[in-house]
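As structure tokens, the structure follows; a few thoughts come after it.
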Amino acid sequence: MIETIILAGGRAERFGSNKLLAALNGRPMVLHTALRLQWDRRFRVTVVTCHDAVRKLCKENGIACIYSEECLKGLSGSIRAGVRELAEKGAEEVCFCAGDQPFLTADTLAAFHKAWQASGKPMGSCLAGDDPTNPAIFSKDCYPALLSLEGDAGGRRILSARPEDCFFWPLPDPDEARDIDTPEQFLKEQPV
């Protein structure tokens with residue numbers, strides 16, 4: 001089972017409101033990837049958030065949720081909250097996805113996970129073109145580094161500090177890595 005954390009604790013400052021709740025094709029954005037993975041038996045999904053409305057959506061849809069005020073301290077707070085809880089449950093690895101990347105498919109994430117395992121590297125990141133992007137995956141050997149992150153620093157800080165320990169996997173369809181940060185991007189994704 002692939003332990004997957006959906007990071008959903010951001011402030012969405014460029015969007016102007018909680019973009020994770022915005023209905024994209026009739027479904028709140030945060031639920032697109034979460035439900036797609038939840039319905040696939042290869043994944044165990046946990047959403048990390050500090051938003052009551054996201055926690056409620058998770059509960060209504062049977063998705064595990066870690067509610068943590070630590071998310072308010074930046075991306076690192078969400079990462080720490082998720083890693084801490086999954087490590088306590090014995091997770092050997094954790095894969096991070098972003099709550100604002102609604103186009104990621106289960107098959108793509110499973111293929112990335114399989115290729116990462118075969119690499120023998122302790123961490124991995126997808127590539128959209130030449131740019132590292134979510135999803136990213138870390139073995140339990142990386143948990144101390146993840147737990148030491150502060151502020152808005154995410155896993156990319158660890159990946160860039162130790163590129164020799166990282167497996168980079170080009171996404172077959174870089175569009176799956178698209179995230180939605182602004183109302184203009186959101187409107188472009190709505191059906192006409």
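Residues are referred to by chain and number: the chain letter is A, B, ... according to the order shown in the structure tokens, the number counts from 1 in that chain, and ligands are numbered separately from 1 in the order shown.
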Practice problem: Check chain A with DSSP on the backbone and list each residue it calls alpha helix (DSSP H), as a PyMOL selection string. | Solution: chain A and resi 29-38+52-60+75-88+106-119+143-147+155-161+183-189
Practice problem: Apply DSSP to the backbone of this structure and, from segment 28-164 of chain A, keep only the residues in strand (DSSP E or B); write these as a ChimeraX atom specification. | Solution: /A:28,43-49,64-67,93-98,123-128,131-139
Quiz item: For Ala161 of chain A, which residue among A:Lys73, A:Cys97, A:Met123, A:Ala118 is the nearest when counting only C-alpha atoms?
Solution: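 Checking each candidate against Ala161 of chain A, we get A:Met123 as the closest.
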Quiz item: Skipping near chain neighbours, those fewer than 2 positions away, what residues fall within 10 Å of Gly154 of chain A using only C-alpha atoms, listed as a PyMOL selection string?
Solution: chain A and resi 74-80+146+149-152+156-159
What are the nearest atom pairs, with distances in Å to one decimal, for all residues of segment 43-150 of chain A that come at most 7 Å from segment 169-189 of chain A, using only C-alpha atoms, set out by chain and rising residue number as a tab-separated table?
```
residue	atom	partner	partner_atom	distance
A:Asp100	CA	A:Asp179	CA	5.2
A:Gln101	CA	A:Asp179	CA	4.4
A:Phe103	CA	A:Glu176	CA	4.7
A:Leu104	CA	A:Glu176	CA	4.7
A:Phe112	CA	A:Trp169	CA	6.7
A:Ser125	CA	A:Trp169	CA	6.3
A:Cys126	CA	A:Trp169	CA	4.7
A:Leu127	CA	A:Pro170	CA	4.5
A:Ala128	CA	A:Pro174	CA	4.8
A:Gly129	CA	A:Pro174	CA	6.8
A:Asn134	CA	A:Ala177	CA	6.9
```
Quiz prompt | Atom pair atom CA of Pro132 of chain A / atom CA of Phe168 of chain A: separation (Å) | solution = 7.6 Å
